[in-house]
file run27.cif (mmCIF, N, CA and C atoms)
data_coords
#
loop_
_atom_site.label_atom_id
_atom_site.label_comp_id
_atom_site.auth_asym_id
_atom_site.auth_seq_id
_atom_site.Cartn_x
_atom_site.Cartn_y
_atom_site.Cartn_z
N MET A 31 0.84 -1.18 0.00
CA MET A 31 0.00 0.00 0.00
C MET A 31 0.89 1.24 0.00
N ILE A 32 0.49 2.24 -0.75
CA ILE A 32 1.24 3.49 -0.81
C ILE A 32 0.73 4.40 0.30
N SER A 33 1.65 5.01 1.02
CA SER A 33 1.29 5.96 2.08
C SER A 33 1.78 7.34 1.70
N TYR A 34 1.02 8.34 2.14
CA TYR A 34 1.38 9.72 1.86
C TYR A 34 1.43 10.51 3.17
N CYS A 35 2.29 11.49 3.22
CA CYS A 35 2.34 12.39 4.37
C CYS A 35 1.08 13.27 4.31
N PRO A 36 0.33 13.38 5.40
CA PRO A 36 -0.87 14.21 5.38
C PRO A 36 -0.58 15.71 5.38
N ALA A 37 0.67 16.09 5.48
CA ALA A 37 1.03 17.52 5.46
C ALA A 37 1.54 17.95 4.08
N CYS A 38 2.49 17.18 3.50
CA CYS A 38 3.09 17.59 2.23
C CYS A 38 2.68 16.70 1.05
N TRP A 39 1.98 15.61 1.30
CA TRP A 39 1.47 14.66 0.33
C TRP A 39 2.56 13.94 -0.47
N ARG A 40 3.76 13.90 0.06
CA ARG A 40 4.79 13.11 -0.61
C ARG A 40 4.66 11.66 -0.18
N GLU A 41 5.07 10.77 -1.07
CA GLU A 41 5.01 9.35 -0.75
C GLU A 41 6.02 9.05 0.34
N VAL A 42 5.57 8.33 1.37
CA VAL A 42 6.43 7.99 2.51
C VAL A 42 6.27 6.52 2.84
N PRO A 43 7.24 5.95 3.54
CA PRO A 43 7.10 4.55 3.98
C PRO A 43 5.92 4.41 4.93
N GLU A 44 5.31 3.23 4.94
CA GLU A 44 4.20 2.98 5.85
C GLU A 44 4.68 3.04 7.29
N ARG A 45 3.78 3.41 8.17
CA ARG A 45 3.98 3.41 9.62
C ARG A 45 5.17 4.25 10.10
N ILE A 46 5.38 5.39 9.46
CA ILE A 46 6.42 6.29 9.95
C ILE A 46 5.79 7.26 10.95
N HIS A 47 6.60 7.82 11.80
CA HIS A 47 6.11 8.78 12.78
C HIS A 47 6.34 10.22 12.34
N VAL A 48 7.47 10.46 11.64
CA VAL A 48 7.81 11.80 11.18
C VAL A 48 8.12 11.74 9.69
N CYS A 49 7.55 12.66 8.93
CA CYS A 49 7.80 12.72 7.49
C CYS A 49 9.27 13.07 7.25
N PRO A 50 9.97 12.28 6.43
CA PRO A 50 11.37 12.59 6.16
C PRO A 50 11.57 13.84 5.29
N TYR A 51 10.49 14.33 4.67
CA TYR A 51 10.59 15.49 3.78
C TYR A 51 10.24 16.80 4.48
N CYS A 52 9.08 16.84 5.12
CA CYS A 52 8.63 18.10 5.72
C CYS A 52 8.73 18.10 7.24
N LYS A 53 9.10 16.96 7.80
CA LYS A 53 9.29 16.81 9.26
C LYS A 53 7.98 16.90 10.05
N ALA A 54 6.85 16.76 9.38
CA ALA A 54 5.56 16.79 10.08
C ALA A 54 5.40 15.52 10.91
N ASP A 55 4.72 15.65 12.02
CA ASP A 55 4.42 14.52 12.88
C ASP A 55 3.23 13.77 12.26
N VAL A 56 3.53 12.79 11.42
CA VAL A 56 2.52 12.07 10.65
C VAL A 56 1.55 11.35 11.58
N GLU A 57 2.06 10.72 12.60
CA GLU A 57 1.20 9.98 13.53
C GLU A 57 0.21 10.92 14.21
N ARG A 58 0.68 12.06 14.68
CA ARG A 58 -0.20 13.02 15.36
C ARG A 58 -1.25 13.56 14.40
N LEU A 59 -0.84 13.96 13.20
CA LEU A 59 -1.80 14.49 12.23
C LEU A 59 -2.87 13.46 11.87
N THR A 60 -2.46 12.23 11.74
CA THR A 60 -3.40 11.17 11.38
C THR A 60 -4.40 10.93 12.51
N LEU A 61 -3.95 10.96 13.73
CA LEU A 61 -4.83 10.70 14.86
C LEU A 61 -5.70 11.89 15.23
N GLU A 62 -5.20 13.11 15.04
CA GLU A 62 -5.92 14.32 15.46
C GLU A 62 -7.07 14.70 14.53
N ARG A 63 -6.93 14.47 13.27
CA ARG A 63 -7.94 14.92 12.32
C ARG A 63 -9.16 14.02 12.35
N ASP A 64 -10.33 14.65 12.34
CA ASP A 64 -11.56 13.87 12.24
C ASP A 64 -11.80 13.55 10.76
N TYR A 65 -12.84 12.78 10.50
CA TYR A 65 -13.12 12.30 9.15
C TYR A 65 -13.29 13.44 8.15
N VAL A 66 -14.06 14.45 8.50
CA VAL A 66 -14.32 15.57 7.58
C VAL A 66 -13.01 16.30 7.26
N ASN A 67 -12.19 16.54 8.26
CA ASN A 67 -10.93 17.24 8.02
C ASN A 67 -9.95 16.40 7.20
N LYS A 68 -10.02 15.09 7.34
CA LYS A 68 -9.20 14.22 6.49
C LYS A 68 -9.68 14.31 5.04
N LEU A 69 -11.00 14.35 4.85
CA LEU A 69 -11.55 14.50 3.50
C LEU A 69 -11.14 15.85 2.91
N ILE A 70 -11.22 16.90 3.70
CA ILE A 70 -10.82 18.23 3.22
C ILE A 70 -9.35 18.23 2.84
N ALA A 71 -8.51 17.61 3.66
CA ALA A 71 -7.08 17.51 3.34
C ALA A 71 -6.87 16.73 2.05
N ALA A 72 -7.70 15.72 1.82
CA ALA A 72 -7.57 14.89 0.62
C ALA A 72 -7.89 15.67 -0.67
N LEU A 73 -8.55 16.81 -0.54
CA LEU A 73 -8.82 17.63 -1.73
C LEU A 73 -7.52 18.12 -2.38
N ASP A 74 -6.44 18.14 -1.62
CA ASP A 74 -5.14 18.58 -2.15
C ASP A 74 -4.21 17.44 -2.51
N HIS A 75 -4.70 16.23 -2.49
CA HIS A 75 -3.88 15.05 -2.77
C HIS A 75 -3.40 15.10 -4.23
N PRO A 76 -2.14 14.71 -4.49
CA PRO A 76 -1.62 14.78 -5.86
C PRO A 76 -2.18 13.74 -6.82
N GLU A 77 -2.70 12.63 -6.30
CA GLU A 77 -3.27 11.61 -7.16
C GLU A 77 -4.69 12.07 -7.50
N PRO A 78 -5.00 12.35 -8.77
CA PRO A 78 -6.22 13.08 -9.12
C PRO A 78 -7.56 12.44 -8.76
N THR A 79 -7.63 11.13 -8.64
CA THR A 79 -8.94 10.56 -8.29
C THR A 79 -9.26 10.75 -6.81
N THR A 80 -8.26 10.99 -6.00
CA THR A 80 -8.50 11.18 -4.56
C THR A 80 -9.28 12.47 -4.29
N PRO A 81 -8.90 13.63 -4.84
CA PRO A 81 -9.72 14.83 -4.62
C PRO A 81 -11.13 14.69 -5.19
N VAL A 82 -11.26 13.97 -6.30
CA VAL A 82 -12.58 13.78 -6.89
C VAL A 82 -13.46 12.98 -5.93
N ARG A 83 -12.92 11.89 -5.38
CA ARG A 83 -13.69 11.08 -4.41
C ARG A 83 -14.00 11.87 -3.15
N ALA A 84 -13.02 12.62 -2.66
CA ALA A 84 -13.22 13.40 -1.43
C ALA A 84 -14.31 14.45 -1.64
N ALA A 85 -14.28 15.13 -2.77
CA ALA A 85 -15.31 16.14 -3.06
C ALA A 85 -16.68 15.48 -3.14
N TRP A 86 -16.77 14.33 -3.78
CA TRP A 86 -18.04 13.62 -3.89
C TRP A 86 -18.61 13.30 -2.51
N ILE A 87 -17.76 12.77 -1.64
CA ILE A 87 -18.21 12.40 -0.29
C ILE A 87 -18.62 13.65 0.49
N LEU A 88 -17.82 14.70 0.41
CA LEU A 88 -18.15 15.95 1.11
C LEU A 88 -19.48 16.52 0.61
N GLY A 89 -19.73 16.41 -0.69
CA GLY A 89 -20.99 16.89 -1.24
C GLY A 89 -22.18 16.07 -0.76
N ILE A 90 -22.03 14.76 -0.78
CA ILE A 90 -23.10 13.87 -0.31
C ILE A 90 -23.42 14.15 1.15
N ARG A 91 -22.38 14.41 1.94
CA ARG A 91 -22.56 14.68 3.37
C ARG A 91 -23.00 16.12 3.64
N LYS A 92 -23.01 16.94 2.58
CA LYS A 92 -23.38 18.37 2.71
C LYS A 92 -22.53 19.07 3.77
N GLU A 93 -21.22 18.85 3.67
CA GLU A 93 -20.28 19.39 4.65
C GLU A 93 -19.95 20.85 4.34
N THR A 94 -20.61 21.76 5.02
CA THR A 94 -20.40 23.20 4.79
C THR A 94 -18.99 23.63 5.16
N LEU A 95 -18.33 22.91 6.04
CA LEU A 95 -16.96 23.22 6.41
C LEU A 95 -16.02 23.16 5.20
N ALA A 96 -16.41 22.41 4.19
CA ALA A 96 -15.56 22.21 3.01
C ALA A 96 -15.78 23.25 1.92
N ILE A 97 -16.76 24.13 2.07
CA ILE A 97 -17.11 25.07 1.00
C ILE A 97 -15.92 25.90 0.56
N SER A 98 -15.21 26.53 1.47
CA SER A 98 -14.09 27.41 1.07
C SER A 98 -12.98 26.61 0.39
N HIS A 99 -12.77 25.38 0.81
CA HIS A 99 -11.72 24.56 0.20
C HIS A 99 -12.10 24.15 -1.22
N MET A 100 -13.37 23.80 -1.41
CA MET A 100 -13.80 23.43 -2.76
C MET A 100 -13.91 24.65 -3.67
N ALA A 101 -14.24 25.80 -3.10
CA ALA A 101 -14.25 27.04 -3.89
C ALA A 101 -12.84 27.34 -4.39
N ARG A 102 -11.85 27.13 -3.52
CA ARG A 102 -10.45 27.34 -3.92
C ARG A 102 -10.07 26.38 -5.04
N LEU A 103 -10.46 25.13 -4.91
CA LEU A 103 -10.18 24.15 -5.97
C LEU A 103 -10.82 24.58 -7.29
N THR A 104 -12.04 25.06 -7.21
CA THR A 104 -12.76 25.50 -8.41
C THR A 104 -12.01 26.63 -9.11
N ARG A 105 -11.45 27.52 -8.33
CA ARG A 105 -10.71 28.66 -8.90
C ARG A 105 -9.30 28.29 -9.35
N GLU A 106 -8.63 27.39 -8.62
CA GLU A 106 -7.20 27.19 -8.82
C GLU A 106 -6.78 25.92 -9.55
N SER A 107 -7.59 24.87 -9.51
CA SER A 107 -7.17 23.62 -10.13
C SER A 107 -7.17 23.73 -11.65
N GLU A 108 -6.18 23.11 -12.25
CA GLU A 108 -6.11 23.07 -13.71
C GLU A 108 -6.72 21.79 -14.26
N ASP A 109 -7.14 20.89 -13.37
CA ASP A 109 -7.72 19.62 -13.78
C ASP A 109 -9.24 19.77 -13.86
N PRO A 110 -9.82 19.71 -15.07
CA PRO A 110 -11.26 19.92 -15.19
C PRO A 110 -12.11 18.88 -14.45
N TYR A 111 -11.58 17.68 -14.26
CA TYR A 111 -12.33 16.66 -13.53
C TYR A 111 -12.42 16.99 -12.04
N ILE A 112 -11.34 17.54 -11.50
CA ILE A 112 -11.35 17.95 -10.09
C ILE A 112 -12.27 19.16 -9.92
N VAL A 113 -12.20 20.10 -10.85
CA VAL A 113 -13.08 21.28 -10.79
C VAL A 113 -14.53 20.84 -10.91
N GLU A 114 -14.81 19.93 -11.83
CA GLU A 114 -16.18 19.43 -11.99
C GLU A 114 -16.69 18.80 -10.69
N ALA A 115 -15.84 17.99 -10.05
CA ALA A 115 -16.24 17.33 -8.80
C ALA A 115 -16.50 18.35 -7.70
N ALA A 116 -15.66 19.38 -7.61
CA ALA A 116 -15.84 20.42 -6.60
C ALA A 116 -17.13 21.20 -6.85
N VAL A 117 -17.38 21.52 -8.10
CA VAL A 117 -18.59 22.26 -8.47
C VAL A 117 -19.84 21.43 -8.15
N GLU A 118 -19.81 20.16 -8.51
CA GLU A 118 -20.94 19.29 -8.22
C GLU A 118 -21.18 19.20 -6.71
N ALA A 119 -20.11 19.07 -5.94
CA ALA A 119 -20.23 18.99 -4.49
C ALA A 119 -20.80 20.28 -3.91
N LEU A 120 -20.35 21.41 -4.42
CA LEU A 120 -20.89 22.69 -3.95
C LEU A 120 -22.39 22.77 -4.21
N GLY A 121 -22.81 22.26 -5.37
CA GLY A 121 -24.24 22.23 -5.67
C GLY A 121 -25.01 21.33 -4.72
N LYS A 122 -24.42 20.19 -4.38
CA LYS A 122 -25.08 19.27 -3.45
C LYS A 122 -25.17 19.87 -2.05
N ILE A 123 -24.14 20.59 -1.65
CA ILE A 123 -24.18 21.24 -0.34
C ILE A 123 -25.31 22.26 -0.33
N GLY A 124 -25.45 22.99 -1.44
CA GLY A 124 -26.64 23.82 -1.66
C GLY A 124 -26.71 25.14 -0.91
N GLU A 125 -25.60 25.65 -0.45
CA GLU A 125 -25.61 26.92 0.28
C GLU A 125 -25.55 28.09 -0.70
N SER A 126 -26.26 29.15 -0.38
CA SER A 126 -26.24 30.33 -1.26
C SER A 126 -24.87 31.00 -1.28
N THR A 127 -24.04 30.71 -0.30
CA THR A 127 -22.68 31.26 -0.30
C THR A 127 -21.84 30.72 -1.45
N CYS A 128 -22.31 29.66 -2.09
CA CYS A 128 -21.59 29.06 -3.22
C CYS A 128 -21.91 29.71 -4.56
N LEU A 129 -22.92 30.57 -4.59
CA LEU A 129 -23.41 31.10 -5.87
C LEU A 129 -22.35 31.81 -6.69
N GLU A 130 -21.55 32.66 -6.06
CA GLU A 130 -20.54 33.41 -6.82
C GLU A 130 -19.53 32.48 -7.47
N VAL A 131 -19.07 31.50 -6.73
CA VAL A 131 -18.11 30.53 -7.27
C VAL A 131 -18.74 29.74 -8.41
N LEU A 132 -19.98 29.34 -8.23
CA LEU A 132 -20.66 28.57 -9.27
C LEU A 132 -20.93 29.40 -10.52
N ARG A 133 -21.24 30.68 -10.34
CA ARG A 133 -21.43 31.56 -11.52
C ARG A 133 -20.13 31.68 -12.30
N SER A 134 -19.03 31.79 -11.58
CA SER A 134 -17.72 31.84 -12.24
C SER A 134 -17.43 30.52 -12.96
N ALA A 135 -17.73 29.41 -12.31
CA ALA A 135 -17.50 28.09 -12.92
C ALA A 135 -18.37 27.89 -14.15
N ALA A 136 -19.51 28.56 -14.21
CA ALA A 136 -20.39 28.45 -15.38
C ALA A 136 -19.75 29.07 -16.62
N ARG A 137 -18.64 29.79 -16.45
CA ARG A 137 -17.89 30.36 -17.57
C ARG A 137 -16.54 29.66 -17.77
N HIS A 138 -16.37 28.52 -17.14
CA HIS A 138 -15.10 27.77 -17.20
C HIS A 138 -14.83 27.31 -18.62
N GLY A 139 -13.60 27.06 -18.94
CA GLY A 139 -13.22 26.62 -20.28
C GLY A 139 -13.70 25.22 -20.63
N ALA A 140 -13.90 24.37 -19.64
CA ALA A 140 -14.33 22.99 -19.90
C ALA A 140 -15.86 22.90 -19.88
N VAL A 141 -16.41 22.30 -20.90
CA VAL A 141 -17.86 22.15 -21.01
C VAL A 141 -18.42 21.39 -19.82
N ARG A 142 -17.74 20.32 -19.40
CA ARG A 142 -18.24 19.50 -18.29
C ARG A 142 -18.38 20.31 -17.01
N VAL A 143 -17.47 21.27 -16.81
CA VAL A 143 -17.54 22.13 -15.62
C VAL A 143 -18.70 23.10 -15.76
N ARG A 144 -18.84 23.70 -16.94
CA ARG A 144 -19.94 24.65 -17.16
C ARG A 144 -21.30 23.98 -16.94
N VAL A 145 -21.46 22.77 -17.45
CA VAL A 145 -22.73 22.05 -17.31
C VAL A 145 -23.03 21.79 -15.84
N LYS A 146 -22.04 21.28 -15.09
CA LYS A 146 -22.26 21.01 -13.65
C LYS A 146 -22.56 22.30 -12.90
N ALA A 147 -21.88 23.36 -13.26
CA ALA A 147 -22.11 24.64 -12.58
C ALA A 147 -23.52 25.14 -12.84
N GLN A 148 -23.99 25.03 -14.07
CA GLN A 148 -25.35 25.46 -14.39
C GLN A 148 -26.39 24.61 -13.66
N GLN A 149 -26.15 23.31 -13.57
CA GLN A 149 -27.06 22.43 -12.83
C GLN A 149 -27.07 22.80 -11.34
N ALA A 150 -25.89 23.04 -10.78
CA ALA A 150 -25.79 23.39 -9.37
C ALA A 150 -26.47 24.72 -9.08
N LEU A 151 -26.29 25.68 -9.96
CA LEU A 151 -26.94 26.98 -9.79
C LEU A 151 -28.45 26.84 -9.78
N LEU A 152 -28.98 26.05 -10.71
CA LEU A 152 -30.43 25.84 -10.75
C LEU A 152 -30.94 25.20 -9.46
N LEU A 153 -30.22 24.21 -8.97
CA LEU A 153 -30.64 23.55 -7.73
C LEU A 153 -30.68 24.53 -6.57
N ILE A 154 -29.64 25.34 -6.45
CA ILE A 154 -29.57 26.27 -5.31
C ILE A 154 -30.60 27.38 -5.47
N GLN A 155 -30.72 27.94 -6.67
CA GLN A 155 -31.65 29.05 -6.88
C GLN A 155 -33.10 28.62 -6.70
N ARG A 156 -33.41 27.38 -7.04
CA ARG A 156 -34.78 26.88 -6.86
C ARG A 156 -35.02 26.38 -5.45
N GLY A 157 -33.93 26.22 -4.70
CA GLY A 157 -34.07 25.67 -3.36
C GLY A 157 -34.41 24.20 -3.38
N THR A 158 -34.10 23.55 -4.51
CA THR A 158 -34.38 22.13 -4.66
C THR A 158 -33.23 21.32 -4.09
N PRO A 159 -33.51 20.38 -3.24
CA PRO A 159 -32.41 19.55 -2.75
C PRO A 159 -31.82 18.73 -3.88
N ALA A 160 -30.50 18.58 -3.85
CA ALA A 160 -29.82 17.79 -4.86
C ALA A 160 -30.24 16.34 -4.74
N PRO A 161 -30.36 15.64 -5.87
CA PRO A 161 -30.69 14.23 -5.78
C PRO A 161 -29.58 13.47 -5.08
N ARG A 162 -29.97 12.49 -4.26
CA ARG A 162 -28.97 11.70 -3.55
C ARG A 162 -28.44 10.63 -4.46
N ASP A 163 -27.15 10.37 -4.35
CA ASP A 163 -26.55 9.28 -5.10
C ASP A 163 -26.74 8.01 -4.29
N CYS A 164 -27.39 7.05 -4.88
CA CYS A 164 -27.69 5.80 -4.18
C CYS A 164 -27.04 4.66 -4.95
N PRO A 165 -26.60 3.66 -4.23
CA PRO A 165 -26.09 2.49 -4.94
C PRO A 165 -27.25 1.80 -5.65
N ASP A 166 -26.94 1.17 -6.76
CA ASP A 166 -27.97 0.44 -7.49
C ASP A 166 -28.31 -0.82 -6.70
N THR A 167 -29.49 -0.82 -6.13
CA THR A 167 -29.94 -1.96 -5.35
C THR A 167 -31.26 -2.44 -5.94
N PRO A 168 -31.29 -3.66 -6.43
CA PRO A 168 -32.54 -4.17 -7.01
C PRO A 168 -33.69 -4.06 -6.01
N GLY A 169 -34.80 -3.53 -6.47
CA GLY A 169 -35.97 -3.41 -5.62
C GLY A 169 -35.97 -2.21 -4.69
N ALA A 170 -34.88 -1.45 -4.64
CA ALA A 170 -34.83 -0.29 -3.75
C ALA A 170 -35.46 0.90 -4.47
N ASP A 171 -36.38 1.56 -3.82
CA ASP A 171 -37.02 2.71 -4.42
C ASP A 171 -36.62 4.02 -3.75
N ARG A 172 -35.73 3.96 -2.77
CA ARG A 172 -35.27 5.18 -2.10
C ARG A 172 -33.96 4.91 -1.39
N CYS A 173 -33.31 5.99 -1.01
CA CYS A 173 -32.05 5.90 -0.26
C CYS A 173 -32.36 6.01 1.22
N ASP A 174 -31.68 5.26 2.03
CA ASP A 174 -31.82 5.38 3.49
C ASP A 174 -30.49 5.70 4.11
#

call {"tool": "encode", "arguments": {"input": "run27.cif", "output": "structure tokens"}}
result
Amino acid sequence: MISYCPACWREVPERIHVCPYCKADVERLTLERDYVNKLIAALDHPEPTTPVRAAWILGIRKETLAISHMARLTRESEDPYIVEAAVEALGKIGESTCLEVLRSAARHGAVRVRVKAQQALLLIQRGTPAPRDCPDTPGADRCD
């Protein structure tokens, strides 16, 4: 299994106590952070599917604590898939504080980002809750 330092995101040996690169106390950081803060930290992970997954989970959980971090990703990331995931998550969170970022994302260079931003804006402006992502379960007609 590949391990990363939770402070600098460099690859490190498993079960180390101090990062050999940034000297962060890896053990303390790992134990101190709660689940939401670990997800927020994962938004900056260098492996691109990790921020996408973290944004998706934060959006499903409607974690308002993550809004400023995902807004930063929307403005600063050069990866359209990461921006799309952040925009979609902001729409799922559904706070009006996200409107400015989403309006800006609606003018993004990538079509996929613009489409997600327009969908998110409609959801927030209508006050419609975002649809929940549910696993495909035969016979299930709702999410619990």

call {"tool": "atom_distance", "arguments": {"input": "run27.cif", "atom1": "atom C of Glu108 in chain A", "atom2": "CA of Thr79 in chain A"}}
result
12.9 Å

call {"tool": "closest_residue", "arguments": {"input": "run27.cif", "among": "A:Ile46, A:Ile112, A:Leu61, A:Val145", "to": "Glu77 in chain A", "atoms": "only C-alpha atoms"}}
result
A:Ile112

call {"tool": "resolve_selection", "arguments": {"input": "run27.cif", "expression": "the PyMOL selection byres ((chain A and resi 33) around 6)", "output": "NGL selection string"}}
result
:A and (31-32 or 34-35 or 40-44)

call {"tool": "atom_distance", "arguments": {"input": "run27.cif", "atom1": "CA of Arg144 in chain A", "atom2": "CA of Glu114 in chain A"}}
result
8.3 Å

call {"tool": "atom_distance", "arguments": {"input": "run27.cif", "atom1": "CA of Leu151 in chain A", "atom2": "CA of Tyr65 in chain A"}}
result
27.7 Å

call {"tool": "resolve_selection", "arguments": {"input": "run27.cif", "expression": "the PyMOL selection byres (((chain A and resi 37 and name CA) around 12) and name CA)", "output": "PyMOL selection string"}}
result
chain A and resi 34-36+38-42+48-60+63+68+71-72+74-76

call {"tool": "residues_around", "arguments": {"input": "run27.cif", "residues": "range 123-127 of chain A", "least_positions_apart": "3", "cutoff": "7 Å", "atoms": "only C-alpha atoms", "output": "list in words"}}
result
Gly89, Lys92, Glu93, Thr94, Ala119, Leu120 and Ile154 of chain A

call {"tool": "axis_aligned_box", "arguments": {"input": "run27.cif", "around": "range 122-140 of chain A", "padding_each_side": "3 Å", "output": "AutoDock Vina command-line options"}}
result
--center_x -20.0 --center_y 26.3 --center_z -10.2 --size_x 19.5 --size_y 20.1 --size_z 26.9

call {"tool": "residues_around", "arguments": {"input": "run27.cif", "residues": "Lys146 in chain A", "least_positions_apart": "6", "cutoff": "7 Å", "atoms": "only N, CA and C atoms", "output": "list in words"}}
result
Glu114, Val117, Glu118 and Ala136 of chain A

call {"tool": "decode", "arguments": {"input": "run27.cif", "residues": "range 46-80 of chain A", "atoms": "C-alpha atoms", "output": "PDB file, in the first residue's frame"}}
result
ATOM      1  CA  ILE A  46       6.416   6.286   9.955  1.00  0.00           C
ATOM      2  CA  HIS A  47       6.109   8.782  12.784  1.00  0.00           C
ATOM      3  CA  VAL A  48       7.810  11.800  11.183  1.00  0.00           C
ATOM      4  CA  CYS A  49       7.802  12.719   7.492  1.00  0.00           C
ATOM      5  CA  PRO A  50      11.373  12.585   6.159  1.00  0.00           C
ATOM      6  CA  TYR A  51      10.590  15.486   3.785  1.00  0.00           C
ATOM      7  CA  CYS A  52       8.635  18.100   5.715  1.00  0.00           C
ATOM      8  CA  LYS A  53       9.289  16.807   9.261  1.00  0.00           C
ATOM      9  CA  ALA A  54       5.561  16.785  10.076  1.00  0.00           C
ATOM     10  CA  ASP A  55       4.423  14.515  12.882  1.00  0.00           C
ATOM     11  CA  VAL A  56       2.522  12.069  10.655  1.00  0.00           C
ATOM     12  CA  GLU A  57       1.203   9.983  13.526  1.00  0.00           C
ATOM     13  CA  ARG A  58      -0.201  13.018  15.362  1.00  0.00           C
ATOM     14  CA  LEU A  59      -1.797  14.490  12.229  1.00  0.00           C
ATOM     15  CA  THR A  60      -3.397  11.171  11.384  1.00  0.00           C
ATOM     16  CA  LEU A  61      -4.834  10.696  14.863  1.00  0.00           C
ATOM     17  CA  GLU A  62      -5.920  14.319  15.456  1.00  0.00           C
ATOM     18  CA  ARG A  63      -7.940  14.917  12.321  1.00  0.00           C
ATOM     19  CA  ASP A  64     -11.559  13.872  12.235  1.00  0.00           C
ATOM     20  CA  TYR A  65     -13.117  12.297   9.148  1.00  0.00           C
ATOM     21  CA  VAL A  66     -14.315  15.566   7.576  1.00  0.00           C
ATOM     22  CA  ASN A  67     -10.927  17.243   8.017  1.00  0.00           C
ATOM     23  CA  LYS A  68      -9.202  14.221   6.490  1.00  0.00           C
ATOM     24  CA  LEU A  69     -11.546  14.504   3.499  1.00  0.00           C
ATOM     25  CA  ILE A  70     -10.822  18.230   3.218  1.00  0.00           C
ATOM     26  CA  ALA A  71      -7.077  17.515   3.337  1.00  0.00           C
ATOM     27  CA  ALA A  72      -7.569  14.893   0.617  1.00  0.00           C
ATOM     28  CA  LEU A  73      -8.816  17.632  -1.732  1.00  0.00           C
ATOM     29  CA  ASP A  74      -5.139  18.584  -2.154  1.00  0.00           C
ATOM     30  CA  HIS A  75      -3.876  15.053  -2.772  1.00  0.00           C
ATOM     31  CA  PRO A  76      -1.619  14.783  -5.865  1.00  0.00           C
ATOM     32  CA  GLU A  77      -3.271  11.609  -7.160  1.00  0.00           C
ATOM     33  CA  PRO A  78      -6.221  13.085  -9.122  1.00  0.00           C
ATOM     34  CA  THR A  79      -8.939  10.562  -8.288  1.00  0.00           C
ATOM     35  CA  THR A  80      -8.497  11.183  -4.562  1.00  0.00           C
TER      36      THR A  80
END
